[in-house]
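Text of input00.pdb, listed as PDB, C-alpha atoms:
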ATOM      1  CA  MET S   1      12.844  57.059 -32.856  1.00  0.00           C
ATOM      2  CA  ILE S   2      10.603  54.698 -30.924  1.00  0.00           C
ATOM      3  CA  ARG S   3       7.155  53.976 -32.304  1.00  0.00           C
ATOM      4  CA  LEU S   4       4.353  51.683 -33.383  1.00  0.00           C
ATOM      5  CA  GLN S   5       3.052  52.166 -36.901  1.00  0.00           C
ATOM      6  CA  THR S   6       0.657  50.585 -39.376  1.00  0.00           C
ATOM      7  CA  GLU S   7       2.693  51.771 -42.391  1.00  0.00           C
ATOM      8  CA  PRO S   8       5.596  49.732 -43.831  1.00  0.00           C
ATOM      9  CA  ILE S   9       8.970  50.107 -42.095  1.00  0.00           C
ATOM     10  CA  VAL S  10      11.607  52.062 -44.033  1.00  0.00           C
ATOM     11  CA  ILE S  11      14.978  51.043 -42.604  1.00  0.00           C
ATOM     12  CA  ASP S  12      16.693  54.149 -43.999  1.00  0.00           C
ATOM     13  CA  GLU S  13      14.568  56.269 -41.664  1.00  0.00           C
ATOM     14  CA  LEU S  14      15.843  54.319 -38.654  1.00  0.00           C
ATOM     15  CA  VAL S  15      19.448  54.596 -39.839  1.00  0.00           C
ATOM     16  CA  ALA S  16      19.058  58.346 -40.331  1.00  0.00           C
ATOM     17  CA  ALA S  17      17.584  58.645 -36.835  1.00  0.00           C
ATOM     18  CA  VAL S  18      20.586  57.013 -35.116  1.00  0.00           C
ATOM     19  CA  ARG S  19      23.668  57.867 -37.166  1.00  0.00           C
ATOM     20  CA  GLY S  20      26.182  60.397 -35.891  1.00  0.00           C
ATOM     21  CA  ASP S  21      29.543  61.715 -37.019  1.00  0.00           C
ATOM     22  CA  GLY S  22      31.292  60.120 -34.050  1.00  0.00           C
ATOM     23  CA  ASP S  23      30.001  56.654 -34.909  1.00  0.00           C
ATOM     24  CA  GLY S  24      31.850  54.048 -36.927  1.00  0.00           C
ATOM     25  CA  ALA S  25      28.984  51.572 -37.136  1.00  0.00           C
ATOM     26  CA  VAL S  26      25.227  51.286 -37.549  1.00  0.00           C
ATOM     27  CA  ALA S  27      23.797  47.790 -37.053  1.00  0.00           C
ATOM     28  CA  THR S  28      20.275  47.138 -38.320  1.00  0.00           C
ATOM     29  CA  PHE S  29      17.832  44.290 -37.843  1.00  0.00           C
ATOM     30  CA  LEU S  30      14.540  43.566 -39.585  1.00  0.00           C
ATOM     31  CA  GLY S  31      12.171  40.862 -38.400  1.00  0.00           C
ATOM     32  CA  THR S  32      10.156  39.598 -41.394  1.00  0.00           C
ATOM     33  CA  VAL S  33       6.990  37.582 -41.879  1.00  0.00           C
ATOM     34  CA  ARG S  34       7.681  33.906 -42.707  1.00  0.00           C
ATOM     35  CA  ASN S  35       5.436  31.914 -45.035  1.00  0.00           C
ATOM     36  CA  ALA S  36       5.257  28.893 -42.724  1.00  0.00           C
ATOM     37  CA  ASN S  37       5.501  27.991 -39.056  1.00  0.00           C
ATOM     38  CA  ALA S  38       5.778  24.492 -37.582  1.00  0.00           C
ATOM     39  CA  GLY S  39       5.029  22.994 -40.988  1.00  0.00           C
ATOM     40  CA  ARG S  40       1.826  24.965 -41.613  1.00  0.00           C
ATOM     41  CA  ARG S  41       1.512  27.473 -44.417  1.00  0.00           C
ATOM     42  CA  VAL S  42       0.960  30.975 -43.093  1.00  0.00           C
ATOM     43  CA  LEU S  43      -1.190  33.282 -45.241  1.00  0.00           C
ATOM     44  CA  TYR S  44      -0.575  36.505 -43.311  1.00  0.00           C
ATOM     45  CA  LEU S  45      -0.013  37.823 -39.781  1.00  0.00           C
ATOM     46  CA  GLU S  46      -1.903  40.264 -37.628  1.00  0.00           C
ATOM     47  CA  TYR S  47      -0.153  42.240 -34.870  1.00  0.00           C
ATOM     48  CA  GLU S  48      -1.846  43.848 -31.910  1.00  0.00           C
ATOM     49  CA  ALA S  49      -0.099  46.122 -29.400  1.00  0.00           C
ATOM     50  CA  TYR S  50      -1.007  47.764 -26.112  1.00  0.00           C
ATOM     51  CA  GLY S  51      -0.563  51.313 -27.378  1.00  0.00           C
ATOM     52  CA  GLY S  52       1.106  53.604 -24.867  1.00  0.00           C
ATOM     53  CA  MET S  53       2.598  50.792 -22.815  1.00  0.00           C
ATOM     54  CA  ALA S  54       4.372  49.158 -25.774  1.00  0.00           C
ATOM     55  CA  GLU S  55       6.134  52.422 -26.626  1.00  0.00           C
ATOM     56  CA  ARG S  56       7.009  52.962 -22.969  1.00  0.00           C
ATOM     57  CA  GLU S  57       8.618  49.499 -22.765  1.00  0.00           C
ATOM     58  CA  MET S  58      10.498  50.047 -26.027  1.00  0.00           C
ATOM     59  CA  GLU S  59      11.812  53.360 -24.648  1.00  0.00           C
ATOM     60  CA  ALA S  60      12.994  51.497 -21.544  1.00  0.00           C
ATOM     61  CA  ILE S  61      14.824  48.910 -23.672  1.00  0.00           C
ATOM     62  CA  ALA S  62      16.556  51.626 -25.695  1.00  0.00           C
ATOM     63  CA  ALA S  63      17.710  53.403 -22.534  1.00  0.00           C
ATOM     64  CA  GLU S  64      18.961  50.170 -20.916  1.00  0.00           C
ATOM     65  CA  VAL S  65      20.786  49.025 -24.027  1.00  0.00           C
ATOM     66  CA  VAL S  66      22.593  52.350 -24.392  1.00  0.00           C
ATOM     67  CA  LEU S  67      23.876  51.963 -20.818  1.00  0.00           C
ATOM     68  CA  ARG S  68      24.633  48.240 -21.024  1.00  0.00           C
ATOM     69  CA  HIS S  69      26.530  48.286 -24.318  1.00  0.00           C
ATOM     70  CA  GLY S  70      27.835  51.852 -24.442  1.00  0.00           C
ATOM     71  CA  VAL S  71      26.255  52.478 -27.840  1.00  0.00           C
ATOM     72  CA  SER S  72      25.237  55.904 -29.135  1.00  0.00           C
ATOM     73  CA  ARG S  73      21.569  55.713 -30.166  1.00  0.00           C
ATOM     74  CA  VAL S  74      18.807  53.133 -30.622  1.00  0.00           C
ATOM     75  CA  ALA S  75      15.748  53.250 -32.903  1.00  0.00           C
ATOM     76  CA  ILE S  76      12.914  50.708 -32.651  1.00  0.00           C
ATOM     77  CA  VAL S  77       9.800  50.601 -34.849  1.00  0.00           C
ATOM     78  CA  HIS S  78       7.146  47.870 -34.667  1.00  0.00           C
ATOM     79  CA  ARG S  79       4.240  47.350 -37.043  1.00  0.00           C
ATOM     80  CA  THR S  80       0.646  46.691 -36.027  1.00  0.00           C
ATOM     81  CA  GLY S  81      -2.279  45.432 -38.073  1.00  0.00           C
ATOM     82  CA  ARG S  82      -2.171  43.025 -41.013  1.00  0.00           C
ATOM     83  CA  LEU S  83       1.215  42.091 -42.486  1.00  0.00           C
ATOM     84  CA  GLU S  84       1.807  40.075 -45.641  1.00  0.00           C
ATOM     85  CA  ILE S  85       4.514  37.436 -46.153  1.00  0.00           C
ATOM     86  CA  GLY S  86       7.952  39.045 -46.500  1.00  0.00           C
ATOM     87  CA  GLU S  87       7.031  42.357 -44.863  1.00  0.00           C
ATOM     88  CA  ALA S  88       9.057  43.655 -41.923  1.00  0.00           C
ATOM     89  CA  SER S  89       7.241  43.504 -38.583  1.00  0.00           C
ATOM     90  CA  VAL S  90      10.019  45.116 -36.548  1.00  0.00           C
ATOM     91  CA  GLY S  91      12.977  47.325 -37.412  1.00  0.00           C
ATOM     92  CA  ILE S  92      15.939  48.141 -35.157  1.00  0.00           C
ATOM     93  CA  ALA S  93      18.951  50.387 -35.735  1.00  0.00           C
ATOM     94  CA  VAL S  94      21.838  50.930 -33.312  1.00  0.00           C
ATOM     95  CA  SER S  95      24.728  53.325 -33.795  1.00  0.00           C
ATOM     96  CA  ALA S  96      28.050  52.958 -31.978  1.00  0.00           C
ATOM     97  CA  ARG S  97      31.683  53.922 -32.233  1.00  0.00           C
ATOM     98  CA  HIS S  98      32.605  50.334 -33.185  1.00  0.00           C
ATOM     99  CA  ARG S  99      30.800  47.383 -34.780  1.00  0.00           C
ATOM    100  CA  ALA S 100      31.045  44.850 -31.960  1.00  0.00           C
ATOM    101  CA  GLU S 101      28.881  46.781 -29.518  1.00  0.00           C
ATOM    102  CA  ALA S 102      26.469  47.792 -32.293  1.00  0.00           C
ATOM    103  CA  PHE S 103      25.826  44.117 -33.233  1.00  0.00           C
ATOM    104  CA  ASP S 104      25.563  43.015 -29.590  1.00  0.00           C
ATOM    105  CA  ALA S 105      23.164  45.827 -28.717  1.00  0.00           C
ATOM    106  CA  ALA S 106      20.900  45.195 -31.733  1.00  0.00           C
ATOM    107  CA  ARG S 107      20.572  41.547 -30.714  1.00  0.00           C
ATOM    108  CA  ASP S 108      19.901  42.546 -27.110  1.00  0.00           C
ATOM    109  CA  VAL S 109      17.118  44.893 -28.272  1.00  0.00           C
ATOM    110  CA  ILE S 110      15.220  42.237 -30.241  1.00  0.00           C
ATOM    111  CA  ASP S 111      15.696  39.533 -27.577  1.00  0.00           C
ATOM    112  CA  THR S 112      14.446  41.860 -24.830  1.00  0.00           C
ATOM    113  CA  LEU S 113      11.582  43.222 -26.936  1.00  0.00           C
ATOM    114  CA  LYS S 114      10.192  39.722 -27.379  1.00  0.00           C
ATOM    115  CA  ARG S 115      10.115  39.247 -23.594  1.00  0.00           C
ATOM    116  CA  THR S 116       8.945  42.615 -22.291  1.00  0.00           C
ATOM    117  CA  VAL S 117       6.926  44.554 -24.878  1.00  0.00           C
ATOM    118  CA  PRO S 118       3.142  43.968 -24.938  1.00  0.00           C
ATOM    119  CA  ILE S 119       2.691  43.014 -28.581  1.00  0.00           C
ATOM    120  CA  TRP S 120       0.906  39.935 -29.902  1.00  0.00           C
ATOM    121  CA  LYS S 121       0.856  38.186 -33.246  1.00  0.00           C
ATOM    122  CA  ARG S 122      -1.878  36.054 -34.758  1.00  0.00           C
ATOM    123  CA  GLU S 123      -0.985  33.633 -37.523  1.00  0.00           C
ATOM    124  CA  HIS S 124      -3.663  33.139 -40.139  1.00  0.00           C
ATOM    125  CA  PHE S 125      -3.716  29.762 -41.895  1.00  0.00           C
ATOM    126  CA  GLU S 126      -5.976  28.347 -44.614  1.00  0.00           C
ATOM    127  CA  ASP S 127      -8.099  26.690 -41.936  1.00  0.00           C
ATOM    128  CA  GLY S 128      -8.056  29.140 -39.047  1.00  0.00           C
ATOM    129  CA  ALA S 129      -5.938  31.465 -36.936  1.00  0.00           C
ATOM    130  CA  VAL S 130      -3.969  31.233 -33.698  1.00  0.00           C
ATOM    131  CA  TRP S 131      -2.408  33.714 -31.268  1.00  0.00           C
ATOM    132  CA  VAL S 132       1.243  32.699 -31.146  1.00  0.00           C
ATOM    133  CA  GLY S 133       2.594  31.562 -27.793  1.00  0.00           C
ATOM    134  CA  GLU S 134      -0.704  30.596 -26.259  1.00  0.00           C
ATOM    135  CA  GLY S 135      -2.484  28.243 -28.640  1.00  0.00           C
ATOM    136  CA  ALA S 136      -5.875  29.834 -28.018  1.00  0.00           C
TER     137      ALA S 136
ATOM    138  CA  MET R   1     -14.497  52.445  -7.199  1.00  0.00           C
ATOM    139  CA  THR R   2     -14.474  51.797 -10.909  1.00  0.00           C
ATOM    140  CA  VAL R   3     -11.579  50.536 -13.007  1.00  0.00           C
ATOM    141  CA  PHE R   4     -11.311  50.261 -16.738  1.00  0.00           C
ATOM    142  CA  VAL R   5     -10.170  46.758 -17.776  1.00  0.00           C
ATOM    143  CA  LEU R   6      -8.398  46.085 -21.072  1.00  0.00           C
ATOM    144  CA  TYR R   7      -8.083  42.699 -22.771  1.00  0.00           C
ATOM    145  CA  PHE R   8      -5.647  41.815 -25.519  1.00  0.00           C
ATOM    146  CA  ALA R   9      -5.105  38.997 -28.020  1.00  0.00           C
ATOM    147  CA  SER R  10      -6.388  35.638 -26.733  1.00  0.00           C
ATOM    148  CA  LEU R  11      -7.917  37.248 -23.640  1.00  0.00           C
ATOM    149  CA  LYS R  12      -9.954  39.503 -25.907  1.00  0.00           C
ATOM    150  CA  ASP R  13     -11.183  36.385 -27.715  1.00  0.00           C
ATOM    151  CA  ARG R  14     -12.019  34.679 -24.423  1.00  0.00           C
ATOM    152  CA  THR R  15     -14.103  37.578 -23.114  1.00  0.00           C
ATOM    153  CA  GLY R  16     -15.436  38.777 -26.454  1.00  0.00           C
ATOM    154  CA  LEU R  17     -14.517  42.299 -25.303  1.00  0.00           C
ATOM    155  CA  GLY R  18     -11.625  44.689 -25.785  1.00  0.00           C
ATOM    156  CA  ARG R  19     -12.510  46.724 -22.704  1.00  0.00           C
ATOM    157  CA  GLU R  20     -15.069  47.141 -19.978  1.00  0.00           C
ATOM    158  CA  SER R  21     -15.512  49.058 -16.735  1.00  0.00           C
ATOM    159  CA  VAL R  22     -15.818  47.132 -13.491  1.00  0.00           C
ATOM    160  CA  ASP R  23     -17.077  48.297 -10.086  1.00  0.00           C
ATOM    161  CA  LEU R  24     -15.054  47.028  -7.138  1.00  0.00           C
ATOM    162  CA  PRO R  25     -15.029  47.493  -3.375  1.00  0.00           C
ATOM    163  CA  GLU R  26     -12.482  50.030  -2.090  1.00  0.00           C
ATOM    164  CA  GLY R  27      -9.067  48.470  -1.532  1.00  0.00           C
ATOM    165  CA  ALA R  28      -9.651  45.608  -3.964  1.00  0.00           C
ATOM    166  CA  THR R  29      -6.516  44.006  -5.428  1.00  0.00           C
ATOM    167  CA  VAL R  30      -5.650  42.869  -8.938  1.00  0.00           C
ATOM    168  CA  ALA R  31      -6.221  39.261  -7.806  1.00  0.00           C
ATOM    169  CA  GLU R  32      -9.718  40.132  -6.556  1.00  0.00           C
ATOM    170  CA  LEU R  33     -10.491  41.886  -9.828  1.00  0.00           C
ATOM    171  CA  TRP R  34      -9.413  38.773 -11.766  1.00  0.00           C
ATOM    172  CA  GLU R  35     -11.644  36.639  -9.541  1.00  0.00           C
ATOM    173  CA  THR R  36     -14.591  38.908 -10.347  1.00  0.00           C
ATOM    174  CA  LEU R  37     -13.803  38.749 -14.049  1.00  0.00           C
ATOM    175  CA  THR R  38     -13.579  34.944 -14.170  1.00  0.00           C
ATOM    176  CA  HIS R  39     -17.134  34.790 -12.821  1.00  0.00           C
ATOM    177  CA  ARG R  40     -18.319  37.322 -15.355  1.00  0.00           C
ATOM    178  CA  HIS R  41     -16.485  35.638 -18.257  1.00  0.00           C
ATOM    179  CA  PRO R  42     -16.356  31.832 -17.932  1.00  0.00           C
ATOM    180  CA  GLY R  43     -13.891  31.725 -20.847  1.00  0.00           C
ATOM    181  CA  LEU R  44     -11.218  33.260 -18.608  1.00  0.00           C
ATOM    182  CA  ALA R  45     -11.279  30.277 -16.281  1.00  0.00           C
ATOM    183  CA  GLY R  46      -9.658  28.184 -19.020  1.00  0.00           C
ATOM    184  CA  PHE R  47      -6.662  30.505 -18.953  1.00  0.00           C
ATOM    185  CA  THR R  48      -4.405  28.309 -16.855  1.00  0.00           C
ATOM    186  CA  ALA R  49      -1.496  30.582 -15.915  1.00  0.00           C
ATOM    187  CA  ARG R  50      -2.084  33.980 -14.381  1.00  0.00           C
ATOM    188  CA  PRO R  51      -1.395  36.561 -17.059  1.00  0.00           C
ATOM    189  CA  LEU R  52       0.934  39.500 -16.556  1.00  0.00           C
ATOM    190  CA  VAL R  53      -0.824  42.631 -15.365  1.00  0.00           C
ATOM    191  CA  ALA R  54      -0.282  46.315 -16.016  1.00  0.00           C
ATOM    192  CA  CYS R  55      -1.823  49.100 -13.941  1.00  0.00           C
ATOM    193  CA  ASP R  56      -1.903  52.429 -15.772  1.00  0.00           C
ATOM    194  CA  LYS R  57       0.534  51.023 -18.364  1.00  0.00           C
ATOM    195  CA  ALA R  58       3.209  49.805 -15.902  1.00  0.00           C
ATOM    196  CA  TYR R  59       3.780  46.200 -14.805  1.00  0.00           C
ATOM    197  CA  ALA R  60       2.129  45.448 -11.468  1.00  0.00           C
ATOM    198  CA  ALA R  61       2.000  42.567  -8.995  1.00  0.00           C
ATOM    199  CA  TRP R  62      -1.175  40.560  -8.340  1.00  0.00           C
ATOM    200  CA  ASP R  63      -1.476  41.898  -4.787  1.00  0.00           C
ATOM    201  CA  THR R  64      -1.441  45.538  -5.980  1.00  0.00           C
ATOM    202  CA  ARG R  65      -4.352  47.531  -4.527  1.00  0.00           C
ATOM    203  CA  LEU R  66      -6.336  49.299  -7.202  1.00  0.00           C
ATOM    204  CA  ASP R  67      -7.100  52.526  -5.311  1.00  0.00           C
ATOM    205  CA  GLY R  68      -6.135  55.371  -7.593  1.00  0.00           C
ATOM    206  CA  VAL R  69      -5.633  53.066 -10.583  1.00  0.00           C
ATOM    207  CA  SER R  70      -7.779  53.875 -13.587  1.00  0.00           C
ATOM    208  CA  GLU R  71      -6.711  51.273 -16.161  1.00  0.00           C
ATOM    209  CA  VAL R  72      -5.871  47.597 -15.627  1.00  0.00           C
ATOM    210  CA  ALA R  73      -4.670  45.472 -18.536  1.00  0.00           C
ATOM    211  CA  PHE R  74      -4.334  41.686 -18.534  1.00  0.00           C
ATOM    212  CA  LEU R  75      -1.533  40.620 -20.849  1.00  0.00           C
ATOM    213  CA  PRO R  76      -1.320  37.111 -22.334  1.00  0.00           C
ATOM    214  CA  PRO R  77       2.145  35.781 -23.335  1.00  0.00           C
ATOM    215  CA  PHE R  78       3.816  38.181 -25.758  1.00  0.00           C
ATOM    216  CA  SER R  79       4.707  37.283 -29.335  1.00  0.00           C
ATOM    217  CA  GLY R  80       6.021  40.516 -30.811  1.00  0.00           C
ATOM    218  CA  GLY R  81       9.094  40.786 -33.000  1.00  0.00           C
TER     219      GLY R  81
END
Rewrite the coordinates I just gave you, this time as structure tokens.
Amino acid sequence: MIRLQTEPIVIDELVAAVRGDGDGAVATFLGTVRNANAGRRVLYLEYEAYGGMAEREMEAIAAEVVLRHGVSRVAIVHRTGRLEIGEASVGIAVSARHRAEAFDAARDVIDTLKRTVPIWKREHFEDGAVWVGEGA
Amino acid sequence: MTVFVLYFASLKDRTGLGRESVDLPEGATVAELWETLTHRHPGLAGFTARPLVACDKAYAAWDTRLDGVSEVAFLPPFSGG
């Protein structure tokens, strides 16, 4: 399961998509919307993605991570549109025979996603909004 | 030849556009397209570092020739996750 969606992320769906009878572990990760950044109160976030390419890059990460860590399956779902404080912006699930590689792979997925997947977030404050990472 | 250019996030703000089509001489490169765009949209000139580029949804170098490419996207620094 690799996709962008505007609807809330249901982590159980990701777990169901990756779990297998030969696996002893499923590691999950949710990235959530914080109420403040660098001392400023954040009202909500807005995510934009390059549809088509973002999914392609997430597919590439899943394939690489399976090879690199020897895990069974990887699911990645990222939200787009407006997200309120506390909502999950990204969900990851990794199944593996043992916990160590499941944890390592889940961390590798989120770290790589931040570098290679064309998705952008805009923080909305009381007095304006800014695209994160560029200050414009 | 004509390419379809996509802008995202801060680059969309700087151009005021999400997309536009641009006519270019045959054999033009990504770098030459960017040069054309910075004249068309003065706001792009303030973008100090060269953004990442994707041609038909795959990362491409700035010297890539655009023959046969239909969609070029300029990608400001990512902030997903």
Which residues of chain S sit at most 6 Å from chain R, using all atoms listed in the file? Give each one's shortest atom pair and distance in Å (one decimal place), in chain and ascending residue order, as JSON lines.
{"residue": "S:Met53", "atom": "CA", "partner": "R:Lys57", "partner_atom": "CA", "distance": 4.9}
{"residue": "S:Val90", "atom": "CA", "partner": "R:Gly81", "partner_atom": "CA", "distance": 5.7}
{"residue": "S:Lys114", "atom": "CA", "partner": "R:Gly80", "partner_atom": "CA", "distance": 5.5}
{"residue": "S:Pro118", "atom": "CA", "partner": "R:Phe78", "partner_atom": "CA", "distance": 5.9}
{"residue": "S:Ile119", "atom": "CA", "partner": "R:Gly80", "partner_atom": "CA", "distance": 4.7}
{"residue": "S:Trp120", "atom": "CA", "partner": "R:Ser79", "partner_atom": "CA", "distance": 4.7}
{"residue": "S:Lys121", "atom": "CA", "partner": "R:Ser79", "partner_atom": "CA", "distance": 5.6}
{"residue": "S:Ala136", "atom": "CA", "partner": "R:Ser10", "partner_atom": "CA", "distance": 6.0}
Specify as a count of residues only each residue included when the PyMOL selection byres ((chain S and resi 34) around 10) is applied to this file. 16
Written as a PyMOL selection string, what is the full residue list that the PyMOL selection byres ((chain R and resi 22-26) around 9) yields on the file shown? chain R and resi 1-5+20-21+27-28+32-33+36-37+65-67
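Our summary of the geometry notes that atom CA of S:Val65 is positioned 28.0 Å from atom CA of R:Val72.
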Spell out the residues picked by the PyMOL selection byres ((chain S and resi 28) around 9) here, as a list of chain:residue names.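 Evaluating the PyMOL selection byres ((chain S and resi 28) around 9) on these coordinates yields S:Ile11, S:Leu14, S:Val15, S:Val26, S:Ala27, S:Phe29, S:Leu30, S:Gly91, S:Ile92, S:Ala93, S:Val94, S:Ser95, S:Ala102, S:Phe103, S:Ala106.
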To one decimal place, how far is atom CA of S:His69 from atom CA of S:Gly52 in Å? 26.0 Å
To one decimal place, how far is atom CA of S:Glu59 from atom CA of R:Val30 in Å?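 About the pair atom CA of S:Glu59 and atom CA of R:Val30: they are 25.7 Å apart.
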Skipping near chain neighbours, those fewer than 6 positions away, what residues fall within 9 Å of S:Thr116 using only C-alpha atoms, listed as number ranges by chain? S: 54, 57-58, 61; R: 78
Around the point (0.0, 33.3, -10.0), in the coordinates given by the file, pick out the residues reaching within 10 Å, counting all atoms listed in the file, and return them as a list in words.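 The requested residues, written out, are Ala31, Thr48, Ala49, Arg50, Pro51, Leu52, Ala61 and Trp62 of chain R.
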As AutoDock Vina command-line options, please: the centre and edge lengths in Å, to one decimal, of an axis-aligned box enclosing every listed atom of stretch 1-16 of chain R with 5 Å added on each side.
--center_x -10.3 --center_y 43.6 --center_z -17.6 --size_x 20.3 --size_y 27.8 --size_z 30.8
Counting only C-alpha atoms, figure out which residue out of S:Leu83, S:Ala60, S:Ala38, S:Arg97 gets nearest to S:Gly20.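 Selected residue with least distance to S:Gly20: S:Arg97.
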Shortest interatomic distance to R:Phe74 - which of R:Ala45, R:Val53, R:Lys12, R:Thr29, counting only C-alpha atoms: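 Ranking R:Ala45, R:Val53, R:Lys12, R:Thr29 by distance to R:Phe74, first place goes to R:Val53.
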Excluding S:Ile2 and its own-chain neighbours fewer than 3 positions away, which residues fall within 6 Å of it when counting only C-alpha atoms? Please give them as a list in words.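 After dropping sequence-adjacent residues, the list is Ala75, Ile76 and Val77 of chain S.
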Keeping only C-alpha atoms, write the selected residues as a PDB file, in the frame of the given file.
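This is the output file selection26.pdb:
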ATOM      1  CA  ALA S  75      15.748  53.250 -32.903  1.00  0.00           C
ATOM      2  CA  ILE S  76      12.914  50.708 -32.651  1.00  0.00           C
ATOM      3  CA  VAL S  77       9.800  50.601 -34.849  1.00  0.00           C
TER       4      VAL S  77
END
Nearest-residue call for S:Ala17, choices S:Tyr50, S:Leu4, S:Gly81, S:Val74, using only C-alpha atoms: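 The closest residue to S:Ala17 is S:Val74.
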